[in-house]
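Everything on this sheet refers to the single structure shown next.
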Amino acid sequence: MMVIHFYENKTEVLNQFVVRIPAVDELIKIKGRKAKVEQVIQMDENKYHVHVIYEKEPKKKLVTKEIGKKRR
């Protein structure tokens, strides 16, 4: 078992105690968001730092009200 620390832009996102280490360029999900593994660094025998890049989420369009209709 190994401890993996996930980082995004020098910010620690998640710590996990896992059996398998993610590979470089692998797509993973962290806290419901899709991410791509950029770099894997072994710090100790059982400690790894994994740098990830999150995929951009598309911005949601605002719903506009119809101006001509009135509520009754």
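So you can find residues: chains in the structure tokens are A, B, ... in the order shown, residues in each start at 1, and ligands are numbered from 1 in order.
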Review point. Got a sec: who's within 6 Å of Glu8 (chain A), counting only C-alpha atoms, leaving out chain neighbours fewer than 2 positions off, as a list of chain:residue names?
Key: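 My list of contacting residues is A:Lys10, A:Thr11, A:His51, A:Val52.
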Point to revise | strand (DSSP E or B) residues, from DSSP on the backbone, in chain A, as a ChimeraX atom specification | key: /A:2-8,11-18,27-30,33-42,47-54
Point to revise | 12 Å contact set for Val13 (chain A), only C-alpha atoms, chain neighbours under 3 positions out, as number ranges by chain | key: A: 4-10, 16, 29-31, 33, 35, 49-54
Review point. What gap, in Å, lies between CA of Val19 (chain A) and CA of Lys56 (chain A)?
Key: 28.6 Å
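Using only C-alpha atoms, the nearest neighbour of Pro22 (chain A) within the list A:Glu45, A:Met1, A:Leu62, A:Val37 is A:Val37.
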Exercise for review: Give the answer as one residue: which of A:Glu12, A:Glu55, A:Ile28, A:Ile21 has the shortest atom-to-atom distance to Ile41 (chain A), using only C-alpha atoms?
Suggested key: A:Ile21
Practice item. Report the distance between CA of Asn15 (chain A) and CA of Asn46 (chain A) in Å, rounded to one decimal place. Key: 12.8 Å
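Taking CA of Leu14 (chain A) as the reference point, CA of Glu57 (chain A) is found at 19.5 Å.
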